[in-house]
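Shown next, in C-alpha cells, is the structure this report addresses.
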Amino acid sequence: MHLEIEQLSHTFAGRPPRAALAELSFAVPSGQFTAVIGPSGCGKSTLLRLAAGLLPVQEGSLRLGGQTPAQAGAQRRVAWMAQSPALLPWRTVRDNVLLALRFLPAGHAARLSADEALARVGLSDSANAYPFMLSGGMQQRLALARTLMLDAGLWLMDEPFAALDELTRERLTHELLDLWQAQRPTVLWVTHHIQEALRLADRVVVLSPRPARLILDLPVDLPRPRPESSPAFQALLSRLRAALGLAAAPAEEGA
Amino acid sequence: MHLEIEQLSHTFAGRPPRAALAELSFAVPSGQFTAVIGPSGCGKSTLLRLAAGLLPVQEGSLRLGGQTPAQAGAQRRVAWMAQSPALLPWRTVRDNVLLALRFLPAGHAARLSADEALARVGLSDSANAYPFMLSGGMQQRLALARTLMLDAGLWLMDEPFAALDELTRERLTHELLDLWQAQRPTVLWVTHHIQEALRLADRVVVLSPRPARLILDLPVDLPRPRPESSPAFQALLSRLRAALGLAAAPAEEGA
Amino acid sequence: AAPDTLTFMAGYKPQANLPFVGVYVAQEKGFFAEENLQVDIQHSAGQGQHLQLVAAGEVQVTTQDAGILLQRRSSPGLPLVSIALIGQRGQQAFAALQSSGLKTPQDWVGRTVGYKGSPPPELFALMAANNLSQDDVQLVNVGFDPRILSEGKVDVYPVFKSNEPDMLRSWGYELTLWDPADYGVPSLGLTYVTSQETLDTQPEKLARFLRAALKGIDYASQNLDEAVEIVMKYAGEQADPQHQRFMLETELADYRSPVTEAHGAGWQTEEQWSALAEMLLKYELVKEVNVAGAFTNALLPQNK
Amino acid sequence: MKPRAVWNPRDLLSAGVIVLTFFLLWELGVRLLDMPVYLLPAPSRVILTLFQNTSLYAQATALTLGEALVGLVLGLSAGFLLASVLVLRPGLEGGVMTLAILVKSTPMVAIAPLLTLWMGFGVLPKIVITALMTFFPVLVNILTGLQRTDPALLDLFRAWHASRWETFIFLRLPSSLPYLFAALKISAPLALIGAVVAEWTGASGGLGRTMWLAYTNLNLPYLFAAIFILAAVGMFLYQFLAWLEARAVFWQVPRQD
Amino acid sequence: MKPRAVWNPRDLLSAGVIVLTFFLLWELGVRLLDMPVYLLPAPSRVILTLFQNTSLYAQATALTLGEALVGLVLGLSAGFLLASVLVLRPGLEGGVMTLAILVKSTPMVAIAPLLTLWMGFGVLPKIVITALMTFFPVLVNILTGLQRTDPALLDLFRAWHASRWETFIFLRLPSSLPYLFAALKISAPLALIGAVVAEWTGASGGLGRTMWLAYTNLNLPYLFAAIFILAAVGMFLYQFLAWLEARAVFWQVPRQD
Ligand SMILES: Nc1ncnc2c1ncn2[C@@H]1O[C@H](COP(=O)(O)OP(=O)(O)OP(=O)(O)O)[C@@H](O)[C@H]1O
Ligand SMILES: Nc1ncnc2c1ncn2[C@@H]1O[C@H](COP(=O)(O)OP(=O)(O)OP(=O)(O)O)[C@@H](O)[C@H]1O
Ligand SMILES: Cc1ncc(C[n+]2csc(CCO)c2C)c(N)n1
Ligand SMILES: [Mg+2]
Ligand SMILES: [Mg+2]
C-alpha cells in the first residue's frame, strides 16, 4: 500500500493554536520500510494518527493506496501501534492479543496464533497475567504482538521499542524483519533511536522541530543485516546525526 | 544519602507468584550516580518502587541513609520519577510543576522556579497547555521537571529519557549533570540506553533477567564530559554489551 | 389585649368537611377575632400526623371521626378528647354501580368488596346485620381511589357519603348506596379533638374556639353560597365548587340529630359513644375503652 | 479540543422529534380510546390547564424549586462530606453506610411529625426531607469516584509523602468529578421530587401541595400540569449540569466511536 | 494483588461501634427526653417488637424483597438498555432523557391506582413501580460510565475500525463497571423503598402494607421494626454488591493513601 503525503498541515485548535505539521510532503512506495525521526514534540505521532484516520485531514492530502485514511482503514489493512501501550486492563495478556484477531481484514486468516505472537515477543510466560502485572517494556511488547497479528498492508508504528533494552530490541528486530519480509507491508516507523532506524529501514525521513517539515530524506541502500561497525553504516549515521544536530540546535522547546 | 541493599528479594503474589528480585545486594555511597541496566521485565522498576516506599520490603533489607524507605520518604528527601509520566490531567503544565513544590523537604526552598524548571526541559512554550496536548516526549520532560524541583537527597529515576530523541537527551543530560553536581544527590538511574549510562553514571549496575540478580558492577572512572569515541568509553561499552548479551541470551521471556 | 394564638389542624386536605368549614368561616368572617383568638390553620395529610401533633401539644385542635378517636385512645393510647361531635351520623357508606344490579347487601354474596387500606368496622357490622359472614365475599385492599369502582375492578367499595358518590356521578355513573346507619349500625362522624393536657390547661381558650367554629357552621348553613366560596379559598382551584357544595350539604344533614335537638349543636352523649365502642370491641378494633374520658361537653357554648 | 456542545442542532432536532412523537402518541391514544379525563388527560388539555393557571403554578414552582435547591445543596454537602470522611478514614465505611441506609429506608411520612415538632410548619422540614432524599446517591457515587483514583497518580502522591488531606484535595477530588456530575444529574430531579413529597404531607404551598390537592380531587389535568413543570425544570437542571460537566471535566471529553 | 476484603475485622469492629453508638444515643435520647412512643420509639422497644413478631415480618419481608428484586432487575435492565442505546445513538440523548425525567417526575402514588386498574391487585404493579423508581440512577450512571471510556483505548478501537457494537461490548461495557456498581448500590435500597411505596396503600401483604397499617394506627414500634428490616436487607445487599464489585473490577483496586 503506497503512501502519498502532499502539503499536509495540521494545527490543533486552542489558545494559542498549535501547528504540528507544516506542508509536509513525501511519498512511500508500497512495501517500503520508512523510519521517521525528529525531535520530541515535532509532530511524528500526529502524522501517524492522521494516517490511521484518528485525526481529520485539515489541509493538504494524505492517501493510502490512493484512498483516504478512512477508506483504507475501513478495509482494516492499516495497523497502528500507539506510543503508549493502550491495553485492556480486564483482559489477560493472551485475551488482549486474541481481541485483535477480530479486526483482521475481511477474508484474511491470522498469520500467527496468539500464543505464537506472544512467544515471538517473549511473553509466553505471562499469557495468563493481566496487564497491570507487566513491566513497562512487557506492556509495550504486548502492544507490539497485538499489532503484528493484524496482517495489514501498512504498519504505523509509534516508537514501538522505546521501553525496551538493547538485547530485547535486537531480538525483536529479527522477528520483525522476518515478518516484514514475509508480508512486505509498507512501514512508517517512528523512532528516536538513530541506529535502530538505520538497522531497519529502507529510508530515513528526518523531520524538523514543530511544526514538522521534511529536512532530510535519506535512502539506506545497505543489505540486511547491517553491522553497525561497517563504514557505510557509520557514514549514514553521521549524516543523520548532523541533520538532527542542525535541525534541533536553535529550538528552545525541543520542538 | 547512601543506599544499602542487602539480600533484597521481592515476589508478587498471584497464581503463579512472580519473583522480581532475588537476594539482590549492593550499596551506593552518598552522592554516587549509579545507572541500573537490565533486560525488560527483570525488576528494575520494582527495585525503585521498593526504595520509594511504594512496595513493602518483604525479605532482606533496603536502607536509605540508614533508614527504612518509609522513614526516609517521610522527610521528603527521596524523589521518584515513574516509568510512565503520571501527570494530573486537570492541571496545566505549569501547575503540574507547581504542585510538586508543596512536597519539598521541610525547610527547603525550591532551587528552581517552576518556569525555570520548564525552561530547562524545553517546555516554556507549553506552560499553559494541559497534559493531553503534549506529545509523549513532552509529557516525560514535564514529569522530569517536576521531579527535579524536589531538591532531594536521592533520585530514583525510571527510564527518564526513554521517550526522547537523541538531541533532546543530550541537552537534558547537560542540564541534569549541572543540577546533580550542584546538589550531589545519590542517584539510581534506570535506563536501557547503554551509552547514556556510561555518559552519566559513576557506576553501572547490570541486573539479570527476572528475578533480578547482580551480574555486573562496573565503575566508570572517566572524567565528564565523556566523548563516546574515546577508547576508554568504548572499552567499558564493550564490557557492558558483553555482560548484557550473556545475561539475556538464553532467556525466553526477555526477562 | 393581644389575641391568644391557637393552631388548628384540619384532619385532611382543605375541603368542605363540616368541622373544617366552621373554622374557615370563623376565620374569614372574623368570629375568631371576635373571641380575641388568632388561629393558625394547618392541614394534615390524613394519616394520623394531626393526632401526633395534638398529642404532642404542637397543635391544639384537630378533627377526627369518633371511631378512629376511640381506637387511637386505646392504642397507642393517645390522650385525646372529643370536645364537640359535629357528624352525628357516620360518614361511611358502601357503594356499587347501579349497572351491577346489586340491590341489597345480601346480593354481595360472591362479589368483590374493596376496602381502603383496612376494612372499616361498619362493613363487618353491616354484613352481620344482613346475615353475611366474611367468607361470603371476597375482600380486597384497593387503596384510596374510587376509579377502582368506576372501572369495574371491584363490585362494592366503601365511600364517604359526602364525597365519592358525587364524584362518581359527575363522571356519569349511577350508584346504589348502603348507609350502615339504615341497618342499625351505630356510627358517628367527625369531632373536634384536643388533648387532655390542652383541655386541662387552656379550657377557656378552647371554649372560645369552639364557640366561634360552631358559629361558623351555623353561618355556613344559612349562607351556603358564601360558605362554598370561602371553602374554595382554601381548597384551591383544583377543587370543584359544585362538589364542595354537595359535601357541605350532605354533612349539614348529619349535623342535626335528636341529640342536638335536645341539647344544642355539637352535643354528644354517653349512649352514642358506648354504642360505637361496643361495635369496635366486637370486631376487636379496640381492646378496652373508657368512653367517659373520650369526650366532654363542658366546652360547648350551651354549657358556658 | 473544545467540549462537545451539549445541544448541537442535530441533537436538538432529534430531541424535539422524540418528545413531540411521544406527546402526539399520547394525545392520539387518549382521543382514540376515548380515555376519560379522570384516568388520563390528553397532553393538550394539560398544557391548556397550565397556561390558564400560570400564576398559580409560577408561585408554587418558585416555592418548591427553592426548597428543592436548598435541600439539594444540603444533601449534596452531606453526601459529599460523608464520602470524604469515608475516604480519609476507610474503616468507617461499614458503620456509616449502615446508618445511611437506615435513614434512606425510613419513610419520610414517619418522621415528618417529628420534623414539624422541631421545625414548625414552614419550609425548613421540607428542606430537610429533600436533603435526606438526595444525600444517598451523592454519597455512593462520590465515594466510588474518590476511591477509583488512577493508581499511577496515587503512587505519585505516595512517593511525595503527601498527606491524606493533600491527596484528597489535589488528586481524589478532581478525579472524582465525573462521578460527582453523575450524582448531581441523579439528584437534581430527585430533589424536586423530595420537595414535592415533603409538601405532599401537609404544606401550605408549593407544587407538592398543588399536586396533592389535584390528586385527591382526581383533577388529573392539574396534576399533570405540575408533573410537566417538574419534568421541564428537571430537564433544565439536567442540561445545565451536562453543560457544566463539559466545562469542568474538560480534560476528558466523552467521545463517540 | 487480591481485592481488599470488604469486611476485614477492623472495619467490622468500627462498623459495630458506630452502629451501636448510634442506637445507644437514640435510646438515651428517647429516655431522657421522655419521648412518647407514638412520636419516636426507643430502639430497644423496636427490636423487642421485631422479635415478638418474627413470623409476621418474615413473611412480609419475603414478599417485599421478591417484588423489590424483580423490580430492580427490570429497572436495571431498562436503565442499562436505554443507556446503551444512547451511547450507540448519541443524538437521542436529549429526547430520551426528557422522557426519562418526565417518568421520574411523576409521583408513584399518582400512577399506582392506574397500574392497579391495568394490572390487577397482585404483585405486578408493585414490580412495575419498583422498576420505575430504580431505572433512573442506573440510566444516568451507566450512561456516564459508557461515555467516559479511556480515550487511548477508544483510539485503539477506532484504528481497528471496530463497529460501534464491538466498541460497546469489548470496551465501553467493561470499562463502565465501576459506574454500574455505584448505580447498583444506589438502586438496591431504592428498590426496597419502591416496593414499600407500591404496597403502601394498595397491597394485601408485604412490608409496605405492614408499615402502612402500623403508621395509620400510630403504632410506631411496628413501623420502625419494618424500617430496621429494610435497613438490614439494604445493608446486606450493599455489602454483597461491594463484594461482587471487588471481584468484577479486580483490575482497579481502590487503594488507600
Ligand atoms: N503488580 C504486579 N503483579 C504481578 N507481577 C508484577 C507486578 N508488577 C510487576 N510484576 C512483575 O515483576 C517483574 C519485574 O517488573 P518490573 O516492572 O520491575 O520490570 P522492569 O525491570 O522495570 O522492566 P521494564 O524495563 O520492562 O520496565 C515483571 O516480570 C513483572 O511481570
Ligand atoms: N490534542 C492536542 N491539542 C493540542 N496540541 C497537541 C495535541 N496533540 C498534540 N499536540 C501538539 O502537537 C505537537 C506534535 O505532537 P506529537 O505527539 O505529534 O509529537 P511527537 O513528534 O510524536 O513527539 P514525541 O516524540 O515527544 O512523541 C506537540 O507540540 C504537541 O504539543
Ligand atoms: C368527604 C370526606 N372526604 C374525605 C374524608 C377523609 N378524612 C376527612 S378528615 C379525616 C381525618 C380525620 O379528621 C379523613 C381521613 C372524609 N372524612 N370525608
Ligand atoms: Mg509521539
Ligand atoms: Mg520498568
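Every chain in the C-alpha cells has a letter given in the order shown (A, B, ...), and although residue numbers restart at 1 in each chain, ligands are simply numbered from 1 in the order shown.
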Fit target chain B, mobile chain A, all Cα in order, as a short mmCIF file (atom, residue, chain, number, x, y, z; two decimals) with C-alpha atoms, in the first residue's frame:
```
data_model
loop_
_atom_site.label_atom_id
_atom_site.label_comp_id
_atom_site.auth_asym_id
_atom_site.auth_seq_id
_atom_site.Cartn_x
_atom_site.Cartn_y
_atom_site.Cartn_z
CA MET A 1 22.07 9.72 51.28
CA HIS A 2 23.74 6.36 50.99
CA LEU A 3 21.84 3.28 49.95
CA GLU A 4 22.27 -0.24 51.28
CA ILE A 5 20.52 -3.10 49.63
CA GLU A 6 21.05 -6.45 51.26
CA GLN A 7 19.67 -9.78 50.20
CA LEU A 8 16.64 -7.98 48.90
CA SER A 9 14.01 -10.29 47.39
CA HIS A 10 10.59 -9.43 46.15
CA THR A 11 7.83 -11.71 44.93
CA PHE A 12 4.47 -10.56 43.66
CA ALA A 13 1.58 -12.62 44.96
CA GLY A 14 -0.64 -14.31 42.40
CA ARG A 15 -1.07 -17.61 40.66
CA PRO A 16 1.73 -18.29 39.96
CA PRO A 17 3.67 -15.87 42.16
CA ARG A 18 6.28 -13.81 40.32
CA ALA A 19 9.72 -13.36 41.75
CA ALA A 20 11.05 -9.96 40.66
CA LEU A 21 14.15 -9.56 42.81
CA ALA A 22 16.26 -12.39 44.17
CA GLU A 23 18.69 -11.73 46.99
CA LEU A 24 19.95 -8.57 45.42
CA SER A 25 22.75 -6.84 47.30
CA PHE A 26 24.69 -3.70 46.55
CA ALA A 27 25.46 -0.43 48.25
CA VAL A 28 25.56 3.06 46.81
CA PRO A 29 27.60 5.65 48.68
CA SER A 30 26.12 9.06 49.21
CA GLY A 31 26.31 11.25 46.12
CA GLN A 32 27.07 8.45 43.70
CA PHE A 33 25.37 8.37 40.33
CA THR A 34 24.52 4.74 39.67
CA ALA A 35 22.95 3.55 36.45
CA VAL A 36 20.87 0.39 36.57
CA ILE A 37 20.64 -1.69 33.43
CA GLY A 38 18.89 -4.97 32.84
CA PRO A 39 16.56 -6.70 30.43
CA SER A 40 12.94 -5.73 30.12
CA GLY A 41 10.85 -7.10 32.98
CA CYS A 42 13.80 -8.01 35.16
CA GLY A 43 12.81 -5.99 38.20
CA LYS A 44 14.32 -2.51 37.81
CA SER A 45 11.08 -0.63 38.39
CA THR A 46 10.32 -2.94 41.29
CA LEU A 47 13.65 -2.02 42.87
CA LEU A 48 12.90 1.70 42.56
CA ARG A 49 9.38 1.26 43.89
CA LEU A 50 10.74 -0.54 46.90
CA ALA A 51 13.18 2.28 47.52
CA ALA A 52 10.42 4.87 47.12
CA GLY A 53 8.37 3.06 49.76
CA LEU A 54 5.64 2.11 47.28
CA LEU A 55 6.06 -1.58 47.88
CA PRO A 56 6.68 -3.19 51.26
CA VAL A 57 10.07 -4.79 51.79
CA GLN A 58 9.31 -8.51 52.04
CA GLU A 59 12.71 -10.07 52.52
CA GLY A 60 16.19 -8.73 53.01
CA SER A 61 16.74 -5.09 53.76
CA LEU A 62 16.84 -1.78 51.97
CA ARG A 63 18.19 1.25 53.82
CA LEU A 64 18.29 4.85 52.66
CA GLY A 65 20.74 6.83 54.76
CA GLY A 66 20.35 4.17 57.41
CA GLN A 67 16.57 4.48 57.47
CA THR A 68 13.73 2.43 56.08
CA PRO A 69 12.17 3.71 52.86
CA ALA A 70 9.13 4.92 54.81
CA GLN A 71 11.23 6.89 57.29
CA ALA A 72 13.44 8.40 54.63
CA GLY A 73 10.45 9.18 52.45
CA ALA A 74 8.63 10.90 55.27
CA GLN A 75 11.38 13.52 55.28
CA ARG A 76 10.71 14.05 51.60
CA ARG A 77 14.35 13.68 50.66
CA VAL A 78 13.54 10.97 48.12
CA ALA A 79 12.42 11.91 44.60
CA TRP A 80 10.91 9.20 42.42
CA MET A 81 10.17 9.51 38.76
CA ALA A 82 7.89 6.80 37.47
CA GLN A 83 8.31 4.98 34.19
CA SER A 84 5.05 6.51 32.90
CA PRO A 85 4.58 10.26 33.20
CA ALA A 86 1.66 10.25 35.73
CA LEU A 87 0.52 13.83 35.14
CA LEU A 88 -2.58 15.45 36.60
CA PRO A 89 -4.79 15.96 33.55
CA TRP A 90 -6.77 18.84 35.07
CA ARG A 91 -3.68 20.95 35.77
CA THR A 92 -1.74 22.96 33.25
CA VAL A 93 1.85 22.09 32.62
CA ARG A 94 2.99 24.86 34.96
CA ASP A 95 0.51 23.86 37.65
CA ASN A 96 1.71 20.29 37.48
CA VAL A 97 5.18 21.53 38.29
CA LEU A 98 3.96 23.94 40.94
CA LEU A 99 2.14 21.15 42.72
CA ALA A 100 5.45 19.39 43.30
CA LEU A 101 6.64 22.44 45.24
CA ARG A 102 4.22 21.55 48.03
CA PHE A 103 6.24 18.44 48.67
CA LEU A 104 9.65 19.92 49.29
CA PRO A 105 11.48 18.66 52.35
CA ALA A 106 10.75 20.69 55.47
CA GLY A 107 12.70 23.94 55.51
CA HIS A 108 13.91 23.64 51.93
CA ALA A 109 13.15 26.31 49.40
CA ALA A 110 12.76 25.42 45.77
CA ARG A 111 16.04 25.58 43.88
CA LEU A 112 14.31 26.44 40.66
CA SER A 113 11.17 28.34 39.93
CA ALA A 114 8.53 26.39 38.06
CA ASP A 115 9.14 28.43 34.93
CA GLU A 116 12.86 27.90 35.18
CA ALA A 117 12.34 24.17 35.52
CA LEU A 118 10.10 24.18 32.46
CA ALA A 119 12.66 26.19 30.54
CA ARG A 120 15.36 23.66 31.35
CA VAL A 121 13.32 20.82 29.86
CA GLY A 122 12.25 22.96 26.91
CA LEU A 123 8.58 23.29 27.79
CA SER A 124 8.31 27.06 28.31
CA ASP A 125 6.03 27.41 25.31
CA SER A 126 3.64 24.86 26.75
CA ALA A 127 3.41 26.20 30.30
CA ASN A 128 -0.29 26.94 29.92
CA ALA A 129 -1.16 23.82 27.95
CA TYR A 130 -2.79 20.77 29.51
CA PRO A 131 -1.05 17.38 29.56
CA PHE A 132 -3.33 15.87 26.94
CA MET A 133 -1.98 18.44 24.49
CA LEU A 134 1.59 17.24 24.90
CA SER A 135 3.46 14.67 22.88
CA GLY A 136 4.79 11.58 24.64
CA GLY A 137 8.27 13.02 24.96
CA MET A 138 6.94 16.35 26.22
CA GLN A 139 4.98 14.54 28.91
CA GLN A 140 8.09 12.76 30.01
CA ARG A 141 10.03 16.01 30.16
CA LEU A 142 7.27 17.51 32.28
CA ALA A 143 7.49 14.60 34.70
CA LEU A 144 11.25 15.14 34.79
CA ALA A 145 10.91 18.85 35.54
CA ARG A 146 8.50 18.04 38.33
CA THR A 147 10.91 15.56 39.88
CA LEU A 148 13.92 17.84 39.68
CA MET A 149 12.07 20.56 41.62
CA LEU A 150 12.07 18.42 44.71
CA ASP A 151 15.60 19.13 45.99
CA ALA A 152 16.01 15.59 47.22
CA GLY A 153 18.95 13.63 48.56
CA LEU A 154 18.09 10.60 46.48
CA TRP A 155 16.86 10.49 42.88
CA LEU A 156 15.08 7.34 41.81
CA MET A 157 14.73 7.73 38.05
CA ASP A 158 12.89 5.10 36.00
CA GLU A 159 13.95 5.45 32.35
CA PRO A 160 13.51 9.22 32.41
CA PHE A 161 14.73 9.73 28.83
CA ALA A 162 13.04 6.74 27.20
CA ALA A 163 10.66 8.81 25.08
CA LEU A 164 13.22 11.39 24.00
CA ASP A 165 15.22 11.83 20.83
CA GLU A 166 19.01 11.88 20.89
CA LEU A 167 19.39 15.62 20.73
CA THR A 168 16.92 16.34 23.49
CA ARG A 169 18.60 13.64 25.52
CA GLU A 170 21.94 15.27 25.07
CA ARG A 171 20.68 18.67 26.07
CA LEU A 172 18.89 17.29 29.09
CA THR A 173 21.99 15.32 30.05
CA HIS A 174 23.81 18.61 30.45
CA GLU A 175 21.04 20.17 32.49
CA LEU A 176 20.82 17.15 34.65
CA LEU A 177 24.53 16.85 35.34
CA ASP A 178 24.56 20.55 36.23
CA LEU A 179 21.86 20.04 38.78
CA TRP A 180 23.39 16.84 40.05
CA GLN A 181 26.79 18.43 40.50
CA ALA A 182 25.23 21.34 42.36
CA GLN A 183 23.21 19.21 44.75
CA ARG A 184 25.09 15.95 44.70
CA PRO A 185 22.16 13.67 45.39
CA THR A 186 22.58 9.94 45.27
CA VAL A 187 21.08 8.66 42.01
CA LEU A 188 19.62 5.37 40.87
CA TRP A 189 19.14 5.81 37.15
CA VAL A 190 17.33 3.02 35.35
CA THR A 191 17.96 3.06 31.63
CA HIS A 192 18.05 0.86 28.58
CA HIS A 193 20.48 3.11 26.84
CA ILE A 194 23.96 1.78 27.46
CA GLN A 195 25.78 4.83 26.14
CA GLU A 196 23.59 7.04 28.26
CA ALA A 197 24.55 5.03 31.32
CA LEU A 198 28.20 5.41 30.52
CA ARG A 199 27.82 9.08 29.75
CA LEU A 200 26.14 9.86 33.04
CA ALA A 201 26.99 7.40 35.76
CA ASP A 202 29.82 6.85 38.20
CA ARG A 203 28.99 3.19 38.08
CA VAL A 204 26.77 0.85 36.14
CA VAL A 205 24.93 -1.99 37.81
CA VAL A 206 23.76 -4.73 35.45
CA LEU A 207 20.90 -6.96 36.50
CA SER A 208 20.02 -10.43 35.28
CA PRO A 209 16.66 -11.40 33.78
CA ARG A 210 13.84 -11.85 36.26
CA PRO A 211 14.29 -12.35 39.14
CA ALA A 212 16.96 -9.67 39.14
CA ARG A 213 20.38 -10.54 40.49
CA LEU A 214 23.54 -8.52 40.18
CA ILE A 215 25.60 -9.77 37.25
CA LEU A 216 28.01 -6.90 36.75
CA ASP A 217 29.02 -3.95 38.87
CA LEU A 218 31.07 -1.67 36.64
CA PRO A 219 32.73 1.52 37.95
CA VAL A 220 33.02 4.28 35.36
CA ASP A 221 36.08 6.24 36.31
CA LEU A 222 36.14 8.65 33.41
CA PRO A 223 36.10 12.41 33.74
CA ARG A 224 32.97 14.10 32.40
CA PRO A 225 32.14 15.05 29.68
CA ARG A 226 32.89 11.68 28.16
CA PRO A 227 33.27 11.58 24.39
CA GLU A 228 31.88 8.30 23.11
CA SER A 229 34.71 7.92 20.70
CA SER A 230 37.35 7.67 23.43
CA PRO A 231 38.87 4.20 23.72
CA ALA A 232 38.15 4.06 27.46
CA PHE A 233 34.49 4.68 26.79
CA GLN A 234 34.46 2.06 24.07
CA ALA A 235 36.15 -0.43 26.32
CA LEU A 236 33.54 -0.01 29.01
CA LEU A 237 30.83 -0.15 26.39
CA SER A 238 32.09 -3.48 25.15
CA ARG A 239 32.20 -4.88 28.68
CA LEU A 240 28.64 -3.82 29.27
CA ARG A 241 27.45 -5.19 25.95
CA ALA A 242 29.09 -8.46 26.67
CA ALA A 243 27.57 -8.66 30.12
CA LEU A 244 24.14 -7.91 28.74
CA GLY A 245 24.50 -10.28 25.81
CA LEU A 246 25.43 -13.07 28.11
CA ALA A 247 22.86 -12.20 30.62
CA ALA A 248 19.97 -12.04 28.24
CA ALA A 249 20.84 -14.74 25.77
CA PRO A 250 19.12 -17.87 27.02
CA ALA A 251 16.03 -16.32 28.56
CA GLU A 252 12.81 -16.95 26.70
CA GLU A 253 10.78 -14.22 28.24
CA GLY A 254 13.20 -11.37 27.69
CA ALA A 255 13.12 -11.54 31.43
#
```
Q. Cα-based RMSD, chain D fitted onto chain E, all atoms paired in sequence order: value?
A. 0.4 Å
Q: List the neighbours of range 174-181 of chain D out to 9 Å using only C-alpha atoms; skip same-chain residues closer than 6 positions along the sequence, and give me the result as a PyMOL selection string.
A: (chain B and resi 88-90) or (chain D and resi 80+138+141-150+168+241-242+244-245+248-249) or (chain E and resi 141+144-145+148+179)
Write a file of the selected residues as a tab-separated table (two decimals), in the first residue's frame, keeping N, CA and C atoms.
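Writing the result to result.tsv gives the following:
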```tsv
chain	number	residue	atom	x	y	z
B	88	LEU	N	-1.19	15.12	36.21
B	88	LEU	CA	-2.57	15.43	36.59
B	88	LEU	C	-3.25	16.10	35.40
B	89	PRO	N	-4.23	15.44	34.81
B	89	PRO	CA	-4.78	15.95	33.54
B	89	PRO	C	-5.53	17.26	33.69
B	90	TRP	N	-5.97	17.59	34.90
B	90	TRP	CA	-6.76	18.81	35.06
B	90	TRP	C	-5.89	20.03	35.40
D	80	PHE	N	-21.38	14.56	50.23
D	80	PHE	CA	-20.00	14.82	49.90
D	80	PHE	C	-19.11	14.73	51.13
D	138	VAL	N	-25.62	10.72	46.13
D	138	VAL	CA	-24.40	11.53	46.13
D	138	VAL	C	-23.31	10.82	46.92
D	141	ASN	N	-22.04	7.65	44.95
D	141	ASN	CA	-21.31	7.96	43.72
D	141	ASN	C	-19.99	8.66	44.01
D	142	ILE	N	-20.03	9.64	44.88
D	142	ILE	CA	-18.79	10.36	45.15
D	142	ILE	C	-17.80	9.45	45.85
D	143	LEU	N	-18.32	8.60	46.73
D	143	LEU	CA	-17.42	7.66	47.40
D	143	LEU	C	-16.73	6.79	46.35
D	144	THR	N	-17.51	6.26	45.41
D	144	THR	CA	-16.90	5.45	44.35
D	144	THR	C	-15.87	6.26	43.59
D	145	GLY	N	-16.24	7.49	43.24
D	145	GLY	CA	-15.33	8.33	42.47
D	145	GLY	C	-14.04	8.61	43.24
D	146	LEU	N	-14.18	8.89	44.53
D	146	LEU	CA	-12.99	9.21	45.33
D	146	LEU	C	-12.10	7.98	45.50
D	147	GLN	N	-12.73	6.81	45.49
D	147	GLN	CA	-11.94	5.59	45.68
D	147	GLN	C	-11.24	5.15	44.40
D	148	ARG	N	-11.89	5.42	43.25
D	148	ARG	CA	-11.35	4.89	41.99
D	148	ARG	C	-10.40	5.87	41.33
D	149	THR	N	-9.41	6.27	42.06
D	149	THR	CA	-8.42	7.19	41.52
D	149	THR	C	-7.36	6.40	40.77
D	150	ASP	N	-6.82	6.98	39.72
D	150	ASP	CA	-5.75	6.35	38.94
D	150	ASP	C	-4.62	5.91	39.86
D	168	PHE	N	-6.29	14.00	48.97
D	168	PHE	CA	-7.72	14.19	48.78
D	168	PHE	C	-8.00	15.43	47.92
D	241	LEU	N	-26.48	20.89	34.12
D	241	LEU	CA	-25.39	20.12	34.71
D	241	LEU	C	-24.51	19.50	33.64
D	242	ALA	N	-25.14	19.05	32.53
D	242	ALA	CA	-24.35	18.49	31.44
D	242	ALA	C	-23.42	19.55	30.86
D	244	LEU	N	-22.30	22.19	32.45
D	244	LEU	CA	-21.27	22.45	33.44
D	244	LEU	C	-20.21	21.34	33.44
D	245	GLU	N	-20.69	20.12	33.31
D	245	GLU	CA	-19.79	18.97	33.32
D	245	GLU	C	-18.79	19.08	32.17
D	248	ALA	N	-16.26	21.47	33.29
D	248	ALA	CA	-15.46	21.12	34.47
D	248	ALA	C	-14.54	19.94	34.19
D	249	VAL	N	-15.02	18.98	33.43
D	249	VAL	CA	-14.20	17.79	33.15
D	249	VAL	C	-13.64	17.91	31.74
E	141	ASN	N	-26.02	6.80	35.61
E	141	ASN	CA	-24.67	6.35	35.97
E	141	ASN	C	-24.05	5.52	34.86
E	144	THR	N	-23.04	7.67	31.99
E	144	THR	CA	-21.78	8.35	32.26
E	144	THR	C	-20.61	7.38	32.10
E	145	GLY	N	-20.76	6.18	32.68
E	145	GLY	CA	-19.68	5.20	32.60
E	145	GLY	C	-19.37	4.81	31.17
E	148	ARG	N	-17.51	7.75	29.49
E	148	ARG	CA	-16.18	8.14	29.96
E	148	ARG	C	-15.16	7.02	29.80
E	179	TYR	N	-19.03	2.31	37.41
E	179	TYR	CA	-20.26	3.11	37.44
E	179	TYR	C	-21.47	2.22	37.62
```
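For the residues D:Phe135, D:Ser105, D:Gln59, D:Leu223, ranking by smallest atom-to-atom distance to Ala191 in chain E using only C-alpha atoms places D:Ser105 first.
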Restrict the distance test to only C-alpha atoms, flag each residue of chain E within 7 Å of chain A, and return the flagged residues as an mmCIF file with C-alpha atoms, in the first residue's frame.
```cif
data_model
loop_
_atom_site.group_PDB
_atom_site.id
_atom_site.type_symbol
_atom_site.label_atom_id
_atom_site.label_comp_id
_atom_site.auth_asym_id
_atom_site.auth_seq_id
_atom_site.Cartn_x
_atom_site.Cartn_y
_atom_site.Cartn_z
ATOM 1 C CA ALA E 152 -6.429 5.963 24.373
ATOM 2 C CA LEU E 153 -8.474 2.769 24.189
ATOM 3 C CA ASP E 155 -8.409 5.431 19.662
ATOM 4 C CA ALA E 159 -7.901 2.490 14.469
ATOM 5 C CA TRP E 160 -9.109 -1.112 14.360
ATOM 6 C CA HIS E 161 -12.266 0.174 12.698
ATOM 7 C CA ALA E 162 -14.263 -1.714 15.261
ATOM 8 C CA TRP E 251 -8.044 -4.749 37.763
#
```
(Q) Using only C-alpha atoms and a cut-off of 9 Å, which residues of chain D sit close to chain C? Please list them as a PyMOL selection string. (A) chain D and resi 36+38-39+53+56+109-110+112-114+116-117+120-121+200-204+210-219+222-223
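Residues of range 150-208 of chain C carrying a DSSP assignment of strand (DSSP E), computed from the backbone, are Tyr157, Pro158, Val159, Phe160, Leu175, Thr176, Leu177, Trp178, Leu190, Thr191, Tyr192, Val193, Thr194 and Ser195 of chain C.
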